[in-house]
>>> print(open('input-v9.txt').read())   # compact mmCIF, C-alpha atoms
# COMPACT_ATOMS: atom_id res chain seq x y z
CA MET O 10 17.19 78.20 -100.41
CA ILE O 11 18.32 81.25 -102.33
CA PRO O 12 18.83 84.27 -100.06
CA GLU O 13 17.08 87.53 -100.94
CA ILE O 14 19.84 89.70 -102.31
CA SER O 15 17.64 92.70 -103.00
CA THR O 16 14.98 94.56 -101.08
CA ARG O 17 11.95 94.23 -103.27
CA ASN O 18 8.98 95.48 -101.28
CA THR O 19 7.47 97.85 -103.82
CA GLU O 20 3.93 98.32 -102.47
CA SER O 21 3.33 102.04 -102.45
CA LEU O 22 2.74 103.90 -99.24
CA SER O 23 -0.88 104.60 -98.32
CA ARG O 24 -1.90 108.22 -97.92
CA GLY O 25 -1.74 108.24 -94.14
CA GLU O 26 1.56 106.44 -94.23
CA LYS O 27 2.98 108.94 -96.65
CA THR O 28 2.10 111.79 -94.29
CA LEU O 29 3.67 109.85 -91.42
CA SER O 30 6.76 109.14 -93.53
CA ASN O 31 7.18 112.81 -94.39
CA LEU O 32 6.72 113.80 -90.77
CA LEU O 33 9.26 111.24 -89.58
CA LEU O 34 11.60 112.20 -92.38
CA LEU O 35 11.63 115.74 -91.00
CA PHE O 36 13.03 114.45 -87.71
CA GLU O 37 15.20 111.83 -89.31
CA ASN O 38 16.86 114.35 -91.59
CA ALA O 39 17.33 116.81 -88.77
CA VAL O 40 19.29 114.15 -86.90
CA LYS O 41 21.01 112.14 -89.60
CA VAL O 42 21.99 114.75 -92.15
CA PRO O 43 24.14 116.89 -89.84
CA LEU O 44 25.43 113.95 -87.81
CA PHE O 45 26.17 111.39 -90.49
CA ARG O 46 25.82 113.42 -93.71
CA CYS O 47 22.95 111.06 -94.52
CA GLN O 48 22.09 110.88 -98.21
CA ARG O 49 18.46 109.85 -97.48
CA CYS O 50 18.45 106.56 -99.36
CA GLY O 51 15.59 105.29 -97.18
CA GLU O 52 17.37 101.99 -96.61
CA CYS O 53 19.73 102.87 -93.82
CA ILE O 54 22.78 100.68 -93.15
CA LEU O 55 24.53 103.12 -90.80
CA SER O 56 24.45 100.59 -87.97
CA SER O 57 26.64 98.18 -89.93
CA THR O 58 28.96 100.84 -91.38
CA ALA O 59 30.18 102.29 -88.07
CA PHE O 60 27.78 105.23 -88.42
CA ILE O 61 29.41 106.66 -91.51
CA CYS O 62 27.05 106.98 -94.46
CA SER O 63 28.35 104.76 -97.27
CA GLN O 64 26.12 106.54 -99.78
CA ARG O 65 28.50 109.50 -99.80
CA CYS O 66 30.80 107.36 -101.94
CA PRO O 67 30.73 108.73 -105.52
CA LYS O 68 29.86 105.20 -106.66
CA GLN O 69 27.39 104.69 -103.78
CA LEU O 70 29.11 101.43 -102.91
CA ARG O 71 27.33 99.51 -100.16
CA ASN O 72 29.77 96.61 -99.83
CA GLY O 73 33.24 98.03 -99.36
CA PRO O 74 35.74 100.26 -101.18
CA CYS O 75 36.54 100.23 -104.89
CA GLY O 76 40.11 99.60 -105.98
CA GLY O 77 41.02 103.26 -106.35
CA THR O 78 41.65 104.35 -102.76
CA ASP O 79 45.02 106.10 -102.54
CA GLU O 80 47.70 105.14 -100.05
CA ASP O 81 46.74 107.98 -97.75
CA GLY O 82 43.09 106.87 -97.91
CA SER O 83 41.84 109.60 -100.20
CA CYS O 84 39.05 109.07 -102.70
CA GLU O 85 40.15 108.67 -106.33
CA VAL O 86 37.25 110.77 -107.59
CA TYR O 87 37.54 113.60 -105.06
CA PRO O 88 41.17 113.49 -103.86
CA GLU O 89 40.47 116.18 -101.27
CA ARG O 90 38.07 113.80 -99.49
CA ALA O 91 38.78 110.65 -97.52
CA CYS O 92 37.37 107.44 -98.96
CA VAL O 93 34.23 106.74 -96.91
CA TRP O 94 35.03 103.03 -96.77
CA TYR O 95 38.53 103.79 -95.53
CA ARG O 96 36.93 105.69 -92.65
CA ILE O 97 34.31 102.99 -92.12
CA TYR O 98 37.03 100.36 -91.81
CA TYR O 99 39.09 102.25 -89.24
CA ARG O 100 36.08 103.26 -87.17
CA SER O 101 34.75 99.68 -87.27
CA GLN O 102 38.12 98.54 -86.01
CA PHE O 103 37.95 101.11 -83.20
CA LEU O 104 34.40 100.03 -82.31
CA LYS O 105 35.39 96.33 -82.60
CA ARG O 106 32.71 95.77 -85.21
CA ILE O 107 34.83 94.39 -88.05
CA ASP O 108 32.57 91.31 -88.22
CA LEU O 109 29.75 93.52 -89.53
CA LEU O 110 31.84 94.41 -92.58
CA TYR O 111 31.63 90.78 -93.73
CA LYS O 112 27.88 91.08 -94.16
CA PHE O 113 26.27 91.56 -97.52
CA ASN O 114 24.26 94.75 -97.91
CA ARG O 115 21.35 94.09 -100.22
CA ILE O 116 20.78 95.71 -103.58
CA HIS O 117 19.14 99.08 -102.98
CA ASN O 118 15.41 99.48 -103.47
CA TRP O 119 14.98 102.81 -105.20
CA CYS O 120 11.26 102.86 -104.33
CA LEU O 121 12.43 103.73 -100.82
CA ASP O 122 14.58 106.66 -101.89
CA LYS O 123 13.81 109.81 -99.86
CA THR O 124 11.42 108.02 -97.51
CA SER O 125 11.84 107.56 -93.79
CA SER O 126 14.03 104.56 -93.10
CA TRP O 127 12.80 104.51 -89.49
CA LEU O 128 9.30 103.88 -90.78
CA ASN O 129 10.66 101.39 -93.32
CA VAL O 130 12.35 99.43 -90.55
CA TYR O 131 9.20 99.50 -88.45
CA ARG O 132 7.04 98.35 -91.38
CA LYS O 133 9.64 95.66 -92.21
CA ARG O 134 10.24 97.04 -95.68
CA ILE O 135 13.97 96.70 -95.17
CA GLU O 136 15.97 93.92 -93.64
CA PRO O 137 19.37 93.85 -91.98
CA PRO O 138 22.46 92.78 -93.95
CA ILE O 139 23.09 89.06 -94.27
CA LEU O 140 26.03 86.71 -94.41
CA LEU O 141 25.97 85.14 -97.85
CA THR O 142 26.90 81.50 -98.09
CA GLY O 143 27.78 80.62 -101.62
CA PRO O 144 28.14 76.94 -102.45
CA ASP O 145 30.90 75.18 -100.48
CA THR O 146 32.08 78.10 -98.43
CA ASN O 147 31.87 76.47 -95.02
CA ALA O 148 35.58 76.89 -94.52
CA LEU O 149 35.09 80.62 -94.73
CA ASP O 150 32.70 80.69 -91.77
CA GLU O 151 35.42 79.78 -89.35
CA SER O 152 37.65 82.59 -90.49
CA ILE O 153 34.91 85.12 -89.75
CA ASN O 154 34.41 83.81 -86.24
CA HIS O 155 38.13 84.06 -85.85
CA ASP O 156 38.04 87.76 -86.77
CA ALA O 157 35.07 88.55 -84.60
CA MET I 29 38.77 72.28 -122.33
CA THR I 30 36.87 75.30 -121.15
CA LEU I 31 38.20 77.74 -118.58
CA ARG I 32 35.85 76.26 -115.97
CA GLU I 33 37.20 72.76 -116.60
CA LYS I 34 40.77 74.01 -116.48
CA ILE I 35 40.16 75.76 -113.17
CA GLU I 36 38.50 72.66 -111.76
CA SER I 37 41.35 70.45 -112.97
CA GLY I 38 43.88 72.55 -111.05
CA LYS I 39 45.87 73.60 -114.10
CA PHE I 40 48.01 76.75 -113.97
CA ILE I 41 45.84 79.33 -115.77
CA VAL I 42 47.08 82.02 -118.14
CA CYS I 43 44.64 84.79 -119.07
CA ALA I 44 45.24 87.97 -121.00
CA GLU I 45 43.35 91.11 -121.74
CA ILE I 46 42.25 92.80 -124.96
CA GLU I 47 40.85 96.28 -125.48
CA PRO I 48 38.13 96.69 -128.10
CA PRO I 49 38.67 99.59 -130.52
CA LYS I 50 37.08 103.03 -130.29
CA SER I 51 35.29 102.36 -133.56
CA CYS I 52 32.97 99.81 -135.17
CA ASN I 53 35.82 97.99 -136.89
CA GLY I 54 35.53 94.37 -135.76
CA ASP I 55 38.60 93.41 -137.79
CA VAL I 56 40.74 95.19 -135.20
CA ILE I 57 39.62 92.59 -132.66
CA ARG I 58 40.20 89.73 -135.09
CA ARG I 59 43.68 91.07 -135.80
CA ARG I 60 44.49 91.58 -132.12
CA SER I 61 43.13 88.16 -131.21
CA ARG I 62 45.89 86.48 -133.26
CA HIS I 63 48.43 87.53 -130.65
CA PHE I 64 46.60 85.37 -128.11
CA ASP I 65 45.79 82.27 -130.11
CA GLY I 66 47.44 79.22 -128.60
CA HIS I 67 49.19 81.20 -125.88
CA VAL I 68 46.46 81.79 -123.30
CA ASP I 69 43.51 79.94 -121.80
CA ALA I 70 41.05 82.79 -121.96
CA VAL I 71 40.94 86.43 -122.99
CA ASN I 72 39.35 89.27 -121.01
CA ILE I 73 37.43 91.88 -122.95
CA THR I 74 37.28 95.19 -121.21
CA ASP I 75 33.95 96.97 -120.82
CA ASN I 76 34.53 100.64 -121.70
CA GLN I 77 37.61 100.71 -119.51
CA THR I 78 38.62 103.99 -117.88
CA ALA I 79 35.08 105.11 -118.75
CA THR I 80 35.92 105.62 -122.42
CA VAL I 81 33.46 104.53 -125.09
CA ARG I 82 34.59 101.47 -127.03
CA LEU I 83 33.01 98.66 -128.99
CA SER I 84 30.85 96.72 -126.52
CA SER I 85 32.37 93.86 -124.58
CA ILE I 86 29.52 91.51 -125.57
CA ALA I 87 30.05 92.07 -129.28
CA ALA I 88 33.81 91.77 -128.91
CA ALA I 89 33.39 88.56 -126.91
CA LYS I 90 31.24 87.10 -129.68
CA ILE I 91 33.90 87.97 -132.26
CA LEU I 92 36.54 86.24 -130.13
CA LEU I 93 34.34 83.16 -129.88
CA GLU I 94 34.14 83.08 -133.67
CA GLU I 95 37.93 83.30 -133.77
CA GLY I 96 38.14 80.21 -131.59
CA LEU I 97 39.24 81.92 -128.37
CA GLU I 98 37.52 81.70 -125.03
CA PRO I 99 36.33 85.14 -123.93
CA ILE I 100 35.89 86.47 -120.40
CA MET I 101 33.37 89.25 -120.75
CA GLN I 102 33.87 92.12 -118.34
CA MET I 103 30.68 93.65 -117.00
CA THR I 104 30.69 96.93 -115.11
CA CYS I 105 27.97 98.64 -113.11
CA ARG I 106 28.74 102.12 -114.36
CA ASP I 107 26.80 102.11 -117.61
CA ARG I 108 23.74 99.96 -116.98
CA ASN I 109 21.18 99.50 -114.28
CA ARG I 110 20.01 96.09 -113.03
CA LEU I 111 17.62 95.68 -115.97
CA GLY I 112 20.30 96.38 -118.55
CA ILE I 113 22.83 94.11 -116.87
CA GLN I 114 20.45 91.16 -116.63
CA SER I 115 19.31 91.50 -120.21
CA ASP I 116 22.89 91.83 -121.48
CA LEU I 117 23.88 88.76 -119.47
CA LEU I 118 21.03 86.74 -120.95
CA GLY I 119 22.02 87.88 -124.42
CA ALA I 120 25.65 86.94 -123.81
CA ALA I 121 24.67 83.51 -122.47
CA ALA I 122 22.51 82.91 -125.53
CA MET I 123 25.52 83.56 -127.76
CA GLY I 124 27.67 81.09 -125.89
CA ILE I 125 29.63 83.49 -123.68
CA HIS I 126 29.94 81.77 -120.32
CA ASN I 127 32.65 83.65 -118.44
CA VAL I 128 31.88 86.98 -116.86
CA LEU I 129 34.11 89.24 -114.78
CA CYS I 130 32.02 91.40 -112.45
CA LEU I 131 33.40 94.88 -111.80
CA THR I 132 32.13 98.12 -110.33
CA GLY I 133 33.79 100.09 -113.10
CA ASP I 134 35.98 103.18 -113.20
CA HIS I 135 34.26 106.42 -112.32
CA GLN I 136 33.11 108.41 -115.37
CA LYS I 137 35.30 111.29 -114.20
CA PHE I 138 38.35 109.48 -115.58
CA GLY I 139 36.91 108.97 -119.05
CA ASP I 140 36.42 110.97 -122.20
CA GLN I 141 32.92 112.06 -121.14
CA PRO I 142 33.11 113.08 -117.48
CA GLU I 143 29.79 114.88 -117.84
CA ALA I 144 27.97 111.52 -118.11
CA LYS I 145 25.73 110.18 -115.35
CA GLY I 146 27.23 107.15 -113.63
CA VAL I 147 24.63 104.49 -112.90
CA PHE I 148 26.13 102.32 -110.12
CA ASP I 149 22.75 100.73 -109.44
CA LEU I 150 24.64 97.67 -108.12
CA ASP I 151 28.15 97.32 -106.80
CA SER I 152 30.48 94.52 -107.85
CA VAL I 153 29.66 92.32 -104.85
CA GLN I 154 25.95 92.65 -105.57
CA LEU I 155 26.60 91.98 -109.25
CA VAL I 156 28.39 88.73 -108.37
CA ALA I 157 25.44 87.73 -106.17
CA MET I 158 22.99 88.57 -108.94
CA VAL I 159 24.81 86.47 -111.54
CA ASP I 160 24.98 83.62 -109.02
CA GLN I 161 21.23 83.88 -108.57
CA MET I 162 20.76 83.77 -112.36
CA ASN I 163 22.92 80.65 -112.42
CA ARG I 164 20.44 79.16 -109.98
CA GLY I 165 17.64 79.91 -112.41
CA ARG I 166 16.18 83.09 -110.97
CA LEU I 167 16.14 86.66 -112.16
CA LEU I 168 16.56 89.44 -109.62
CA SER I 169 12.79 89.95 -109.67
CA GLY I 170 12.46 86.43 -108.28
CA GLN I 171 10.98 85.08 -111.51
CA GLU I 172 12.09 81.59 -112.45
CA MET I 173 13.82 81.29 -115.80
CA LYS I 174 13.07 78.34 -118.07
CA LYS I 175 16.78 77.94 -118.63
CA ALA I 176 19.34 78.99 -116.05
CA THR I 177 22.55 80.73 -117.10
CA GLU I 178 25.83 78.87 -116.67
CA PHE I 179 28.26 81.67 -116.00
CA LEU I 180 31.67 81.12 -114.51
CA ILE I 181 31.78 84.17 -112.27
CA GLY I 182 34.95 86.17 -111.81
CA ALA I 183 35.76 89.27 -109.82
CA ALA I 184 38.68 91.62 -109.29
CA ALA I 185 40.82 92.37 -106.26
CA ASN I 186 43.34 95.07 -105.50
CA PRO I 187 45.89 93.71 -103.01
CA PHE I 188 47.85 96.96 -102.98
CA ALA I 189 45.32 99.54 -101.86
CA GLU I 190 44.76 100.51 -98.26
CA PRO I 191 43.37 99.34 -95.87
CA PHE I 192 44.86 95.91 -96.36
CA GLU I 193 42.34 93.96 -94.27
CA MET I 194 39.33 95.70 -95.81
CA ARG I 195 40.51 94.44 -99.22
CA LEU I 196 40.45 90.89 -97.94
CA ILE I 197 37.03 91.37 -96.38
CA ARG I 198 35.71 92.55 -99.72
CA LEU I 199 37.35 89.62 -101.48
CA HIS I 200 35.78 87.35 -98.89
CA LYS I 201 32.35 88.82 -99.69
CA LYS I 202 32.84 88.37 -103.42
CA ILE I 203 33.74 84.72 -103.00
CA ARG I 204 30.82 84.09 -100.68
CA ALA I 205 28.56 85.79 -103.20
CA GLY I 206 29.66 83.27 -105.83
CA ALA I 207 32.93 84.34 -107.48
CA ARG I 208 34.93 81.35 -108.75
CA PHE I 209 38.00 83.16 -109.98
CA ILE I 210 39.72 86.38 -109.02
CA GLN I 211 41.99 88.54 -111.13
CA THR I 212 44.19 90.97 -109.22
CA GLN I 213 45.62 94.33 -110.13
CA PRO I 214 49.09 94.05 -111.71
CA VAL I 215 51.76 92.93 -109.29
CA PHE I 216 54.72 95.30 -109.06
CA ASP I 217 55.31 94.85 -105.35
CA LEU I 218 56.07 91.16 -104.89
CA PRO I 219 56.68 91.13 -101.11
CA LEU I 220 53.34 92.86 -100.46
CA PHE I 221 51.54 90.51 -102.83
CA THR I 222 53.14 87.49 -101.17
CA ARG I 223 51.94 88.73 -97.79
CA TRP I 224 48.44 89.28 -99.19
CA MET I 225 48.37 85.76 -100.66
CA GLU I 226 49.54 84.28 -97.37
CA TRP I 227 46.66 85.96 -95.64
CA ALA I 228 44.17 84.88 -98.31
CA VAL I 229 45.38 81.27 -98.08
CA ASP I 230 45.29 81.45 -94.30
CA LYS I 231 41.61 82.43 -94.49
CA GLY I 232 40.89 79.65 -96.97
CA LEU I 233 39.93 82.07 -99.70
CA ASN I 234 41.77 80.02 -102.33
CA GLU I 235 39.84 76.83 -101.59
CA ASN I 236 36.81 77.46 -103.76
CA CYS I 237 38.17 80.18 -105.91
CA ALA I 238 41.13 80.42 -108.29
CA ILE I 239 43.24 83.49 -107.58
CA LEU I 240 45.06 84.78 -110.67
CA ALA I 241 47.77 87.40 -110.25
CA GLY I 242 47.86 90.36 -112.62
CA VAL I 243 51.08 90.80 -114.62
CA MET I 244 51.65 93.90 -116.69
CA PRO I 245 54.51 93.78 -119.19
CA ILE I 246 56.06 97.23 -119.49
CA ARG I 247 57.88 98.30 -122.58
CA SER I 248 59.52 101.54 -121.50
CA ALA I 249 60.32 103.79 -118.57
CA LYS I 250 57.84 106.29 -119.98
CA THR I 251 54.96 103.86 -119.36
CA ILE I 252 55.85 103.67 -115.67
CA GLU I 253 56.06 107.46 -115.42
CA TYR I 254 52.65 107.71 -117.08
CA MET I 255 51.05 105.18 -114.75
CA LYS I 256 52.49 106.93 -111.72
CA MET I 257 50.79 110.14 -112.75
CA ASN I 258 47.52 108.88 -114.19
CA VAL I 259 46.40 105.50 -112.91
CA PRO I 260 44.82 105.47 -109.45
CA GLY I 261 45.33 102.49 -107.17
CA ILE I 262 48.51 101.20 -108.84
CA LYS I 263 51.88 101.15 -107.11
CA THR I 264 54.78 101.19 -109.56
CA ASN I 265 58.18 99.68 -108.96
CA GLU I 266 61.22 101.98 -108.74
CA GLU I 267 63.65 99.19 -109.50
CA HIS I 268 61.82 98.33 -112.72
CA LEU I 269 61.99 102.00 -113.65
CA ARG I 270 65.76 102.05 -113.13
CA ARG I 271 66.26 98.84 -115.09
CA LEU I 272 64.18 100.07 -118.01
CA GLU I 273 65.96 103.42 -118.07
CA SER I 274 69.43 101.92 -118.16
CA ALA I 275 68.64 99.05 -120.56
CA SER I 276 69.97 99.28 -124.11
CA ASP I 277 66.90 97.39 -125.36
CA PRO I 278 64.03 98.36 -123.03
CA GLU I 279 61.57 95.98 -124.73
CA SER I 280 63.53 92.82 -124.04
CA GLU I 281 64.26 94.13 -120.55
CA GLY I 282 60.49 94.56 -120.11
CA VAL I 283 59.94 90.96 -121.19
CA ARG I 284 62.67 89.84 -118.78
CA ILE I 285 61.02 91.70 -115.88
CA ALA I 286 57.63 90.15 -116.69
CA VAL I 287 59.10 86.65 -116.92
CA GLU I 288 60.97 87.10 -113.62
CA THR I 289 57.72 88.26 -112.00
CA ILE I 290 55.86 85.23 -113.34
CA GLU I 291 58.55 82.85 -112.11
CA ALA I 292 58.41 84.40 -108.66
CA LEU I 293 54.61 84.24 -108.67
CA GLN I 294 54.66 80.54 -109.53
CA GLU I 295 56.47 79.94 -106.25
CA ILE I 296 53.65 81.49 -104.21
CA LYS I 297 51.50 78.94 -102.43
CA GLY I 298 47.85 78.91 -103.40
CA LEU I 299 48.19 81.00 -106.54
CA ARG I 300 46.37 79.40 -109.45
CA GLY I 301 47.51 81.38 -112.44
CA ILE I 302 48.31 84.71 -114.00
CA HIS I 303 46.43 87.38 -115.85
CA LEU I 304 48.49 89.30 -118.42
CA MET I 305 47.60 92.95 -119.05
CA PRO I 306 49.72 93.99 -122.02
CA ALA I 307 47.72 97.18 -122.80
CA ARG I 308 48.80 97.90 -126.38
CA TRP I 309 51.94 95.77 -126.38
CA LEU I 310 50.25 92.62 -127.62
CA GLU I 311 53.38 91.24 -129.28
CA SER I 312 54.83 90.64 -125.84
CA ILE I 313 52.25 87.96 -124.96
CA SER I 314 53.62 85.09 -127.02
CA VAL I 315 57.23 85.92 -126.09
CA ILE I 316 56.51 86.09 -122.37
CA VAL I 317 54.38 82.95 -122.33
CA HIS I 318 57.08 81.09 -124.23
CA GLU I 319 59.99 82.32 -122.10
CA ALA I 320 58.13 81.59 -118.88
CA GLY I 321 57.59 78.02 -120.13
CA LEU I 322 53.80 78.33 -120.00
CA ASN I 323 52.99 77.29 -123.57
CA ARG I 324 49.42 76.10 -123.88
CA ILE I 325 48.77 72.84 -125.60
CA ASN I 326 45.21 72.79 -126.79
>>> encode(input="input-v9.txt", output="structure tokens")
Amino acid sequence: MIPEISTRNTESLSRGEKTLSNLLLLFENAVKVPLFRCQRCGECILSSTAFICSQRCPKQLRNGPCGGTDEDGSCEVYPERACVWYRIYYRSQFLKRIDLLYKFNRIHNWCLDKTSSWLNVYRKRIEPPILLTGPDTNALDESINHDA
Amino acid sequence: MTLREKIESGKFIVCAEIEPPKSCNGDVIRRRSRHFDGHVDAVNITDNQTATVRLSSIAAAKILLEEGLEPIMQMTCRDRNRLGIQSDLLGAAAMGIHNVLCLTGDHQKFGDQPEAKGVFDLDSVQLVAMVDQMNRGRLLSGQEMKKATEFLIGAAANPFAEPFEMRLIRLHKKIRAGARFIQTQPVFDLPLFTRWMEWAVDKGLNENCAILAGVMPIRSAKTIEYMKMNVPGIKTNEEHLRRLESASDPESEGVRIAVETIEALQEIKGLRGIHLMPARWLESISVIVHEAGLNRIN
């Protein structure tokens, strides 16, 4: 079976749901924006990125850092900032959650942009990250267990 | 033999890289391609590298095909969204281009038009997964295709950027998503690269995927100085700088350094080949390949 690599639920929100989403978004933003500098993508992966919003990356990378991180961990695009994935890695290490970094974060569904991801989780519009298993990669499974 | 067959046969692979021109002159590519003919297994074609507009990688790949070379088309996520990427991939497959290197792409800030909007609809790991899905006969929308693509999927890795383990995790993800060969950033720090390879081999990352080490021939001390100042994510080598500065003929010293690097790389367990990045010094390719004893017999 081919795994779903993108979130594709595109049915539009009903009127009542839209009101609910906006209401929830009010609370969600009040919590997530100051705490995590949430970028309101509507498809939250904070729980697998050690509670650092990966969407702050100038390339909005959801699956790890690009090749341009400097030695001191600064972002190549904004050298005055730390690379978000550099921070995610070290905090994941601190929280002993490195195994989560091996998971594949799905291709973003832009229909969910600026909607409440709490509601989206509840309505099963978004799914948690998965472990991809390309053909013949069984050997790799063991190495993950080893890390975890 | 195609690149896929060579990788499957376990042969030591030699790739190189070509930059398309900043104009519509296809003859430039034909002329440049002559430096590669008979010396390498496949040629990468950059996709608007450093975010600078150039002749498209698909068109350049087609020209290389006509010249009898095997192209590896680079595909970045900076300039197209998922629709554009899929359609370009289908077009490339229809023209007989079957090797694709999936990259995120340099940020537009580093290019000649920093005011452009970067797309980054996918990242490179997701791009690898999407091409793998197309190889299994499905578009991203889930629609079945009448004819599946047959891409040999490649990806890049930077063994020299921090944090070390995060780089391997990302490489791990790319391979699990479907990458069958990996080209690394140029190796200037051999001990660090050796350590990285040991770790990769230890994790079994080389079992289903051919890791090719980047080698950048350098023709003068000025090039190193330039890279130090302008290229993010590359560690230069102070000893090479000293050698090039004191050499009476910096070009042959540059060739010697590249050949020494290749010889040292060949000793590394699990490494499956090299990827030459000559930038504009294309004449060096044939000399280096010859001196390193890697002549291709087609």
>>> residues_near_point(input="input-v9.txt", point="(30.5, 87.6, -104.4)", cutoff="7 Å", atoms="all atoms listed in the file", output="mmCIF file with C-alpha atoms, keeping the file's coordinate frame")
data_model
loop_
_atom_site.group_PDB
_atom_site.id
_atom_site.type_symbol
_atom_site.label_atom_id
_atom_site.label_comp_id
_atom_site.auth_asym_id
_atom_site.auth_seq_id
_atom_site.Cartn_x
_atom_site.Cartn_y
_atom_site.Cartn_z
ATOM 1 C CA VAL I 153 29.660 92.320 -104.850
ATOM 2 C CA GLN I 154 25.950 92.650 -105.570
ATOM 3 C CA VAL I 156 28.390 88.730 -108.370
ATOM 4 C CA ALA I 157 25.440 87.730 -106.170
ATOM 5 C CA LYS I 201 32.350 88.820 -99.690
ATOM 6 C CA LYS I 202 32.840 88.370 -103.420
ATOM 7 C CA ILE I 203 33.740 84.720 -103.000
ATOM 8 C CA ARG I 204 30.820 84.090 -100.680
ATOM 9 C CA ALA I 205 28.560 85.790 -103.200
ATOM 10 C CA GLY I 206 29.660 83.270 -105.830
ATOM 11 C CA ALA I 207 32.930 84.340 -107.480
#
>>> interface_residues(input="input-v9.txt", of="chain I", to="chain O", cutoff="8 Å", atoms="all atoms listed in the file", output="PyMOL selection string")
chain I and resi 132+135+137+146+148-151+153-154+157-158+161+168-169+185-186+189-191+194-195+197-198+200-201+203-206+231-233+236+260-261
>>> atom_distance(input="input-v9.txt", atom1="CA of Asn53 (chain I)", atom2="CA of Ala87 (chain I)")
11.2 Å
>>> atom_distance(input="input-v9.txt", atom1="CA of Ala144 (chain I)", atom2="CA of Ser84 (chain I)")
17.3 Å
>>> residues_around(input="input-v9.txt", residues="Leu155 (chain I)", least_positions_apart="5", cutoff="8 Å", atoms="only C-alpha atoms", output="VMD selection string")
chain I and resid 105 130 to 131 150
>>> atom_distance(input="input-v9.txt", atom1="CA of Ile181 (chain I)", atom2="CA of Ile210 (chain I)")
8.9 Å
>>> closest_residue(input="input-v9.txt", among="I:Gly66, I:Gly182, I:Gly321, I:Gly38", to="Leu199 (chain I)", atoms="all atoms listed in the file")
I:Gly182
>>> residues_around(input="input-v9.txt", residues="Cys47 (chain O)", least_positions_apart="5", cutoff="10 Å", atoms="only C-alpha atoms", output="number ranges by chain")
O: 37-42, 53, 55, 60-65
>>> closest_residue(input="input-v9.txt", among="I:Asn109, I:Ser314, I:Asn127, I:Ser276", to="His67 (chain I)", atoms="only C-alpha atoms")
I:Ser314
>>> closest_residue(input="input-v9.txt", among="I:Met305, I:Ile125, I:Ile113, I:Ile252", to="Glu267 (chain I)", atoms="all atoms listed in the file")
I:Ile252
>>> residues_around(input="input-v9.txt", residues="Gln136 (chain I)", least_positions_apart="4", cutoff="9 Å", atoms="all atoms listed in the file", output="list in words")
Thr78, Ala79, Thr80, Arg106, Asp140, Gln141, Pro142, Glu143, Ala144, Lys145 and Gly146 of chain I
>>> residues_around(input="input-v9.txt", residues="Ile135 (chain O)", least_positions_apart="4", cutoff="7 Å", atoms="only C-alpha atoms", output="list in words")
Thr16, Glu52, Asn129 and Val130 of chain O
>>> closest_residue(input="input-v9.txt", among="O:Phe103, O:Leu109, O:Arg24, O:Leu33", to="Pro138 (chain O)", atoms="all atoms listed in the file")
O:Leu109
>>> residues_near_point(input="input-v9.txt", point="(9.0, 110.0, -91.7)", cutoff="10 Å", atoms="all atoms listed in the file", output="ChimeraX atom specification")
/O:26-38,51,123-129
>>> residues_around(input="input-v9.txt", residues="Gln213 (chain I)", least_positions_apart="6", cutoff="8 Å", atoms="all atoms listed in the file", output="PyMOL selection string")
chain I and resi 184-188+241-243+262
